[in-house]
file final01.cif (mmCIF, C-alpha atoms and all ligand atoms)
data_coords
#
loop_
_atom_site.label_atom_id
_atom_site.label_comp_id
_atom_site.auth_asym_id
_atom_site.auth_seq_id
_atom_site.Cartn_x
_atom_site.Cartn_y
_atom_site.Cartn_z
CA MET K 1 81.30 -14.49 -22.79
CA THR K 2 78.20 -13.36 -24.70
CA PRO K 3 77.13 -9.87 -23.61
CA LEU K 4 74.41 -9.78 -20.93
CA THR K 5 74.63 -13.49 -20.07
CA ASN K 6 74.00 -12.92 -16.37
CA TYR K 7 71.20 -10.50 -17.11
CA HIS K 8 69.39 -13.18 -19.12
CA SER K 9 69.82 -15.68 -16.27
CA VAL K 10 68.28 -13.28 -13.77
CA SER K 11 65.55 -12.22 -16.15
CA SER K 12 64.56 -15.85 -16.74
CA GLY K 13 64.60 -16.56 -13.00
CA THR K 14 67.51 -19.00 -12.98
CA ALA K 15 69.85 -16.73 -11.00
CA PRO K 16 69.24 -14.11 -8.33
CA ALA K 17 69.38 -10.40 -9.05
CA ARG K 18 72.46 -8.89 -7.48
CA PHE K 19 70.52 -6.75 -5.02
CA LEU K 20 69.08 -9.96 -3.55
CA THR K 21 72.57 -11.21 -2.83
CA THR K 22 73.51 -7.82 -1.36
CA SER K 23 70.46 -7.92 0.86
CA SER K 24 71.38 -11.39 2.10
CA ILE K 25 74.82 -10.44 3.41
CA LEU K 26 74.77 -9.63 7.09
CA ILE K 27 76.96 -6.88 8.50
CA PRO K 28 78.82 -8.50 11.40
CA ALA K 29 78.58 -5.49 13.74
CA ASP K 30 75.50 -3.32 13.80
CA PHE K 31 76.48 0.21 12.80
CA ASP K 32 75.22 2.92 15.10
CA SER K 33 73.72 6.11 13.78
CA ASP K 34 76.71 8.18 14.95
CA ALA K 35 79.29 6.11 13.12
CA SER K 36 81.56 8.22 10.94
CA LEU K 37 81.28 7.98 7.21
CA ALA K 38 84.82 6.57 7.12
CA ASP K 39 83.77 3.78 9.49
CA LEU K 40 80.70 3.03 7.38
CA TRP K 41 82.85 2.80 4.24
CA SER K 42 85.24 0.49 6.03
CA LEU K 43 82.35 -1.83 6.99
CA HIS K 44 81.10 -1.57 3.41
CA ASP K 45 84.43 -2.59 1.91
CA ASP K 46 84.68 -5.63 4.18
CA ALA K 47 81.12 -6.66 3.32
CA MET K 48 81.78 -6.24 -0.40
CA ALA K 49 84.55 -8.82 -0.11
CA THR K 50 81.91 -11.24 1.22
CA PHE K 51 79.63 -10.23 -1.64
CA ASP K 52 82.33 -11.05 -4.19
CA ARG K 53 82.71 -14.54 -2.69
CA SER K 54 78.92 -15.05 -2.73
CA GLU K 55 78.71 -13.94 -6.34
CA ARG K 56 81.05 -16.69 -7.41
CA THR K 57 78.73 -19.37 -6.03
CA LYS K 58 75.37 -17.72 -6.33
CA GLU K 59 72.28 -19.77 -5.83
CA LEU K 60 68.66 -18.85 -5.74
CA GLU K 61 68.35 -20.01 -2.10
CA ARG K 62 70.24 -16.93 -1.10
CA THR K 63 67.32 -14.74 -2.13
CA LYS K 64 65.83 -15.29 1.34
CA GLU K 65 66.50 -12.19 3.41
CA PRO K 66 68.19 -12.90 6.75
CA GLU K 67 67.33 -11.32 10.07
CA GLY K 68 69.64 -8.43 10.91
CA THR K 69 71.42 -5.55 9.23
CA THR K 70 72.48 -6.28 5.70
CA LEU K 71 74.91 -4.86 3.16
CA LEU K 72 71.96 -3.24 1.37
CA ASP K 73 70.95 -1.51 4.64
CA LEU K 74 74.49 -0.23 4.97
CA LYS K 75 74.45 1.12 1.40
CA ILE K 76 71.22 2.98 2.22
CA LYS K 77 72.81 4.42 5.34
CA ILE K 78 75.82 5.66 3.39
CA ALA K 79 73.60 7.11 0.63
CA ASP K 80 71.65 9.02 3.30
CA ARG K 81 74.89 10.51 4.59
CA MET K 82 75.97 11.42 1.07
CA LEU K 83 72.67 13.25 0.58
CA GLU K 84 73.66 15.62 3.39
CA ASN K 85 76.80 16.67 1.52
CA CYS K 86 75.67 15.69 -1.93
CA HIS K 87 78.24 13.95 -4.07
CA PHE K 88 76.03 11.47 -5.87
CA CYS K 89 77.38 12.80 -9.15
CA ASP K 90 80.76 14.16 -10.10
CA ARG K 91 79.60 17.76 -9.83
CA ARG K 92 80.05 17.17 -6.08
CA CYS K 93 77.92 20.17 -5.07
CA GLY K 94 78.32 19.40 -1.36
CA VAL K 95 74.85 20.73 -0.50
CA ASN K 96 72.67 19.33 2.25
CA ARG K 97 69.63 18.25 0.27
CA ARG K 98 67.96 16.97 3.41
CA LYS K 99 67.91 20.54 4.72
CA GLY K 100 66.47 21.92 1.50
CA GLU K 101 69.71 23.10 -0.08
CA LEU K 102 69.79 22.61 -3.82
CA GLY K 103 72.76 21.83 -6.02
CA TYR K 104 73.22 22.00 -9.77
CA CYS K 105 70.41 19.52 -10.48
CA ARG K 106 67.93 21.40 -8.18
CA ILE K 107 66.57 18.06 -6.95
CA GLY K 108 65.52 17.99 -3.31
CA ALA K 109 65.71 15.13 -0.84
CA VAL K 110 62.38 13.70 -2.00
CA SER K 111 62.65 12.06 -5.41
CA ARG K 112 59.86 12.41 -7.93
CA TYR K 113 59.02 10.42 -11.04
CA ALA K 114 57.30 11.70 -14.16
CA SER K 115 56.02 8.37 -15.45
CA GLU K 116 56.41 4.60 -15.23
CA PHE K 117 55.20 2.02 -17.69
CA LEU K 118 56.04 -1.14 -19.58
CA HIS K 119 58.41 0.23 -22.22
CA TYR K 120 58.64 -1.54 -25.57
CA GLY K 121 61.04 0.98 -27.16
CA GLU K 122 64.27 -0.11 -25.44
CA GLU K 123 66.80 -2.58 -26.89
CA PRO K 124 65.32 -6.02 -27.79
CA GLU K 125 67.04 -7.73 -24.83
CA LEU K 126 65.29 -5.40 -22.42
CA VAL K 127 61.71 -5.23 -23.59
CA PRO K 128 59.22 -5.19 -22.12
CA SER K 129 61.03 -3.09 -19.56
CA HIS K 130 59.36 -1.62 -16.51
CA THR K 131 60.77 1.87 -16.89
CA ILE K 132 60.59 4.58 -14.25
CA PHE K 133 61.39 8.08 -15.51
CA LEU K 134 62.77 9.96 -12.51
CA SER K 135 62.54 13.77 -12.62
CA GLY K 136 65.49 16.11 -13.09
CA CYS K 137 69.01 15.44 -14.32
CA THR K 138 72.66 16.14 -13.51
CA PHE K 139 73.32 17.19 -17.13
CA SER K 140 71.95 20.05 -19.23
CA CYS K 141 72.02 18.53 -22.71
CA VAL K 142 70.97 21.21 -25.16
CA TYR K 143 69.40 18.60 -27.45
CA CYS K 144 67.62 16.61 -24.71
CA GLN K 145 64.59 14.77 -26.05
CA ASN K 146 63.14 14.36 -22.55
CA TRP K 147 63.71 17.97 -21.59
CA GLU K 148 60.26 18.39 -20.01
CA ILE K 149 61.29 15.77 -17.44
CA SER K 150 65.01 16.47 -17.16
CA THR K 151 64.67 20.22 -16.63
CA ASN K 152 61.79 19.97 -14.13
CA PRO K 153 62.93 18.31 -10.91
CA ASP K 154 59.56 19.13 -9.31
CA LEU K 155 57.61 17.36 -12.01
CA GLY K 156 55.54 14.27 -11.29
CA VAL K 157 54.75 12.19 -8.27
CA PRO K 158 56.88 11.95 -5.09
CA VAL K 159 58.58 8.59 -4.81
CA LEU K 160 57.11 6.53 -1.99
CA PRO K 161 59.34 3.45 -2.07
CA GLU K 162 56.55 1.13 -0.84
CA ASP K 163 54.22 2.30 -3.62
CA LEU K 164 56.80 2.05 -6.37
CA ALA K 165 57.87 -1.39 -5.14
CA ARG K 166 54.23 -2.52 -5.31
CA ILE K 167 53.92 -1.11 -8.85
CA ALA K 168 57.14 -2.92 -9.77
CA VAL K 169 55.69 -6.19 -8.49
CA VAL K 170 52.58 -5.74 -10.65
CA ASN K 171 54.67 -5.03 -13.74
CA HIS K 172 56.93 -7.98 -12.98
CA SER K 173 53.87 -10.22 -12.93
CA LEU K 174 52.75 -8.67 -16.23
CA GLY K 175 55.98 -9.83 -17.87
CA ALA K 176 58.48 -7.02 -17.31
CA ARG K 177 61.96 -8.44 -17.94
CA ASN K 178 63.67 -5.91 -15.69
CA LEU K 179 63.24 -2.80 -13.58
CA ASN K 180 64.75 0.17 -15.39
CA PHE K 181 65.56 3.40 -13.51
CA VAL K 182 66.05 6.34 -15.89
CA THR K 183 68.25 9.28 -14.80
CA PRO K 184 68.78 7.58 -11.44
CA THR K 185 71.97 9.17 -10.06
CA PRO K 186 70.46 12.03 -7.99
CA HIS K 187 67.88 9.53 -6.71
CA LEU K 188 70.30 6.85 -5.53
CA HIS K 189 68.98 6.95 -1.95
CA SER K 190 65.41 6.38 -3.19
CA VAL K 191 66.32 3.62 -5.63
CA LEU K 192 68.14 1.67 -2.91
CA ARG K 193 65.09 1.93 -0.65
CA ILE K 194 62.83 0.53 -3.37
CA LEU K 195 65.23 -2.39 -3.79
CA ARG K 196 65.23 -3.13 -0.07
CA ILE K 197 61.46 -3.48 -0.15
CA LEU K 198 61.60 -5.66 -3.25
CA ALA K 199 64.20 -7.84 -1.52
CA ARG K 200 61.91 -8.28 1.47
CA MET K 201 59.13 -9.28 -0.90
CA GLY K 202 61.48 -11.75 -2.61
CA VAL K 203 61.02 -10.23 -6.08
CA ASN K 204 63.70 -11.42 -8.46
CA THR K 205 64.16 -8.96 -11.33
CA PRO K 206 67.29 -7.52 -12.96
CA ILE K 207 68.05 -3.90 -12.12
CA VAL K 208 68.90 -1.61 -15.03
CA TRP K 209 70.80 1.61 -14.22
CA ASN K 210 69.89 3.84 -17.18
CA SER K 211 72.23 6.78 -16.80
CA ASN K 212 74.68 9.30 -18.20
CA MET K 213 77.45 7.54 -16.22
CA TYR K 214 78.43 10.78 -14.53
CA HIS K 215 78.06 9.45 -10.99
CA SER K 216 80.76 9.95 -8.37
CA GLU K 217 83.32 7.34 -7.35
CA GLU K 218 81.45 6.87 -4.07
CA ALA K 219 78.14 6.34 -5.88
CA ALA K 220 79.88 3.73 -8.06
CA LYS K 221 80.89 1.86 -4.90
CA LEU K 222 77.30 1.85 -3.68
CA LEU K 223 76.08 0.60 -7.05
CA SER K 224 78.58 -2.21 -7.00
CA GLY K 225 76.72 -5.40 -6.17
CA VAL K 226 73.33 -3.84 -6.86
CA VAL K 227 73.08 -3.18 -10.60
CA ASP K 228 72.62 -6.00 -13.11
CA VAL K 229 72.92 -3.90 -16.28
CA TYR K 230 74.59 -0.52 -16.62
CA LEU K 231 72.61 0.97 -19.49
CA GLY K 232 75.06 3.80 -19.93
CA ASP K 233 75.31 6.68 -22.36
CA PHE K 234 78.75 7.47 -23.73
CA LYS K 235 77.91 10.73 -25.42
CA TYR K 236 81.18 12.49 -26.17
CA GLY K 237 84.72 11.60 -27.13
CA ASN K 238 86.31 14.70 -25.61
CA ASP K 239 85.77 17.23 -22.81
CA GLU K 240 85.11 20.22 -25.07
CA CYS K 241 82.00 18.73 -26.69
CA ALA K 242 80.75 17.57 -23.26
CA LYS K 243 81.10 21.08 -21.88
CA ARG K 244 79.48 22.74 -24.89
CA TYR K 245 76.43 20.49 -25.17
CA SER K 246 75.89 19.11 -21.62
CA ASP K 247 77.70 21.62 -19.40
CA ALA K 248 79.73 18.74 -17.96
CA ASP K 249 83.31 19.21 -16.74
CA HIS K 250 86.05 16.51 -16.76
CA TYR K 251 83.65 14.33 -18.71
CA MET K 252 86.11 11.83 -20.16
CA ALA K 253 87.87 11.10 -16.87
CA THR K 254 84.55 10.59 -15.07
CA VAL K 255 82.73 8.52 -17.63
CA THR K 256 85.66 6.26 -18.54
CA ARG K 257 86.33 5.68 -14.84
CA ASN K 258 82.70 4.70 -14.31
CA PHE K 259 82.55 2.42 -17.34
CA LEU K 260 85.68 0.63 -16.13
CA CYS K 261 84.12 0.27 -12.70
CA ALA K 262 80.87 -1.03 -14.20
CA TYR K 263 82.82 -3.49 -16.35
CA ASP K 264 84.52 -4.78 -13.26
CA ASP K 265 81.27 -5.02 -11.36
CA SER K 266 78.61 -6.29 -13.75
CA GLU K 267 77.33 -6.11 -17.34
CA ILE K 268 77.09 -3.12 -19.68
CA LEU K 269 74.82 -2.07 -22.49
CA LEU K 270 76.52 1.04 -23.83
CA ARG K 271 74.58 3.55 -25.92
CA GLN K 272 76.34 5.91 -28.26
CA LEU K 273 73.98 8.47 -29.74
CA VAL K 274 75.68 9.67 -32.92
CA LEU K 275 75.51 13.46 -33.14
CA PRO K 276 75.57 15.28 -36.49
CA GLY K 277 79.06 16.56 -37.22
CA HIS K 278 80.52 14.54 -34.35
CA VAL K 279 81.48 11.20 -35.83
CA GLU K 280 85.18 12.05 -35.99
CA CYS K 281 85.51 13.90 -32.67
CA CYS K 282 83.11 11.81 -30.55
CA THR K 283 81.91 8.53 -32.08
CA ALA K 284 85.32 7.42 -33.39
CA PRO K 285 87.30 7.94 -30.15
CA ILE K 286 84.53 6.33 -28.13
CA ILE K 287 84.63 3.24 -30.34
CA GLU K 288 88.39 3.17 -30.02
CA TRP K 289 88.24 3.43 -26.24
CA VAL K 290 85.62 0.72 -25.92
CA ARG K 291 87.63 -1.57 -28.15
CA GLY K 292 90.74 -1.07 -26.01
CA HIS K 293 89.17 -1.19 -22.55
CA ILE K 294 85.76 -2.89 -22.37
CA PRO K 295 85.69 -4.89 -25.61
CA ASP K 296 83.07 -7.58 -25.01
CA ILE K 297 80.15 -5.44 -23.94
CA ARG K 298 76.87 -4.90 -25.76
CA PHE K 299 77.44 -1.76 -27.83
CA HIS K 300 74.48 0.08 -29.33
CA LEU K 301 75.16 2.73 -31.92
CA MET K 302 72.09 4.95 -32.04
CA PHE K 303 71.00 6.98 -35.06
CA GLN K 304 67.78 8.53 -33.79
CA TYR K 305 69.16 11.97 -33.05
CA ARG K 306 66.85 14.81 -33.90
CA PRO K 307 67.31 18.42 -32.89
CA ALA K 308 65.16 19.06 -29.83
CA HIS K 309 64.98 21.47 -26.88
CA LEU K 310 67.70 24.14 -27.42
CA ALA K 311 69.49 22.53 -30.37
CA HIS K 312 68.30 25.35 -32.64
CA ARG K 313 70.84 27.60 -30.87
CA TYR K 314 73.67 25.36 -32.05
CA PRO K 315 73.61 25.42 -35.86
CA GLU K 316 76.13 22.58 -36.20
CA ILE K 317 73.76 20.09 -34.52
CA ASN K 318 70.49 21.64 -35.65
CA ARG K 319 69.88 18.89 -38.21
CA THR K 320 69.50 15.13 -38.46
CA LEU K 321 72.33 12.79 -39.41
CA SER K 322 73.40 12.48 -43.03
CA GLU K 323 73.53 9.11 -44.77
CA GLY K 324 77.32 9.46 -44.99
CA GLU K 325 77.59 9.95 -41.23
CA ARG K 326 75.51 6.85 -40.56
CA GLU K 327 77.63 4.80 -42.92
CA LEU K 328 80.91 6.03 -41.46
CA ALA K 329 79.81 5.40 -37.86
CA THR K 330 78.53 1.93 -38.80
CA ARG K 331 81.79 1.07 -40.55
CA LEU K 332 83.89 2.27 -37.60
CA ALA K 333 81.81 0.29 -35.13
CA GLY K 334 81.91 -2.81 -37.29
CA GLU K 335 85.68 -2.77 -37.34
CA GLY K 336 86.06 -3.84 -33.74
CA VAL K 337 83.10 -3.32 -31.52
CA ARG K 338 80.24 -5.76 -31.17
CA ARG K 339 76.95 -4.08 -32.09
S1 LIG B 401 73.17 14.90 -7.62
FE1 LIG B 401 74.96 15.94 -8.48
S2 LIG B 401 74.16 17.86 -9.32
FE2 LIG B 401 72.62 17.09 -7.87
S3 LIG B 401 73.12 18.06 -5.91
FE3 LIG B 401 74.13 16.05 -5.94
S4 LIG B 401 76.21 16.46 -6.68
FE4 LIG B 401 74.93 18.24 -7.24
#

call {"tool": "encode", "arguments": {"input": "final01.cif", "output": "structure tokens", "more": "lines below"}}
Ligand code: SF4
result
Amino acid sequence: MTPLTNYHSVSSGTAPARFLTTSSILIPADFDSDASLADLWSLHDDAMATFDRSERTKELERTKEPEGTTLLDLKIKIADRMLENCHFCDRRCGVNRRKGELGYCRIGAVSRYASEFLHYGEEPELVPSHTIFLSGCTFSCVYCQNWEISTNPDLGVPVLPEDLARIAVVNHSLGARNLNFVTPTPHLHSVLRILRILARMGVNTPIVWNSNMYHSEEAAKLLSGVVDVYLGDFKYGNDECAKRYSDADHYMATVTRNFLCAYDDSEILLRQLVLPGHVECCTAPIIEWVRGHIPDIRFHLMFQYRPAHLAHRYPEINRTLSEGERELATRLAGEGVRR
């Protein structure tokens, strides 16, 4: 299948976004607020089986939201519980963000966003993309080009789901081809709430999850049936480089697990930002892994690296790419991975 086929159907309005299907599946028994997390997951897994059946025969009629508690409501409920013992990402800090405790990302219970606009700088399939830059990040990339946003979780405007949903509707009517959440993982609970409002309004737009793919296994289960395109970074080909430049542990196990899950669930646009001096240790093994495991995705090899933020402290990446590095990466990608 051509990469992003379903995305194009949703974007052109001939198929429903996946969150609309999720919000049309009723949970047979209403969950009470004291239900254990294990019970909620059990309900979730049963409802996801219904979702999988609905996906196979999806029709636009199903975009009407039914009366009652839906699978999307249940996902919101579970996300709220996860926030009280935060394991949205694989750092699994276990803090109660609702009570003001802060984990590695220092993001509180209330999400904030630094900006939102119709973005024309994303991949051609995506533009114009209504892009919402959420504040903070679960990584600490020393070369981050958005470091003013990623290192400042208190930056910007608090997310009021009703307001952002209204803004999304306006941008949809202005021609946005999708709704693109940037650095969304620590904000999963807020993103799901925005989608519930959009579902009630009957807005049909593809959801783009623009992330470092470092979310937890549980977060991946909540995303399943919600995301139309995983716009995922695959930054490193080994754990040592991930630790050195992003302070991320067990990177390969986490990110490959999440890409496999995403592949199973929906469509992927994978970004590989080529780092200077890292074609052999990062770009090449990533290409190899993609070829062997998720071969027919949309693969975007990116050459726009420039040393930003703290890159000057790391002499080996304190430069732009050489022509030779671009050529080698291009040749490697061309040998087996669709670009
Ligand atoms: S999102 Fe990740 S880094 Fe932030 S508190 Fe939760 S587990 Fe920790």

call {"tool": "residues_near_ligand", "arguments": {"input": "final01.cif", "ligand": "ligand LIG 401 (chain B)", "cutoff": "7 Å", "atoms": "all atoms listed in the file", "output": "list in words"}}
result
Cys86, His87, Phe88, Cys89, Asp90, Arg91, Arg92, Cys93, Gly94, Val95, Leu102, Gly103, Tyr104, Cys105, Arg106, Ile107, Thr138, Thr185 and Pro186 of chain K

call {"tool": "residues_around", "arguments": {"input": "final01.cif", "residues": "Val110 in chain K", "least_positions_apart": "4", "cutoff": "12 Å", "atoms": "all atoms listed in the file", "output": "PyMOL selection string"}}
result
chain K and resi 80+83+97-100+102+106+134-136+153-161+186-191

call {"tool": "closest_residue", "arguments": {"input": "final01.cif", "among": "K:Val142, K:Gly68, K:Thr22, K:Leu74", "to": "Pro315 in chain K", "atoms": "all atoms listed in the file"}}
result
K:Val142

call {"tool": "atom_distance", "arguments": {"input": "final01.cif", "atom1": "CA of Glu280 in chain K", "atom2": "CA of Asp247 in chain K"}}
result
20.6 Å

call {"tool": "closest_residue", "arguments": {"input": "final01.cif", "among": "K:Leu301, K:Ala165, K:Val127, K:Val274", "to": "Ile317 in chain K", "atoms": "only C-alpha atoms"}}
result
K:Val274

call {"tool": "residues_around", "arguments": {"input": "final01.cif", "residues": "Trp147 in chain K", "least_positions_apart": "6", "cutoff": "12 Å", "atoms": "only C-alpha atoms", "output": "number ranges by chain"}}
result
K: 114, 133, 135-137, 139-141, 153, 155, 183, 307-311

call {"tool": "closest_residue", "arguments": {"input": "final01.cif", "among": "K:Ile287, K:His293, K:Asn204, K:Arg193", "to": "Tyr236 in chain K", "atoms": "only C-alpha atoms"}}
result
K:Ile287

call {"tool": "atom_distance", "arguments": {"input": "final01.cif", "atom1": "CA of Glu217 in chain K", "atom2": "CA of Gly202 in chain K"}}
result
29.4 Å

call {"tool": "closest_residue", "arguments": {"input": "final01.cif", "among": "K:Gly225, K:Gly277, K:Pro285, K:Pro124", "to": "Arg326 in chain K", "atoms": "only C-alpha atoms"}}
result
K:Gly277

call {"tool": "closest_residue", "arguments": {"input": "final01.cif", "among": "K:Ser129, K:Asn180, K:Thr5, K:Ser54", "to": "Arg18 in chain K", "atoms": "all atoms listed in the file"}}
result
K:Ser54

call {"tool": "atom_distance", "arguments": {"input": "final01.cif", "atom1": "CA of Val229 in chain K", "atom2": "CA of Val208 in chain K"}}
result
4.8 Å
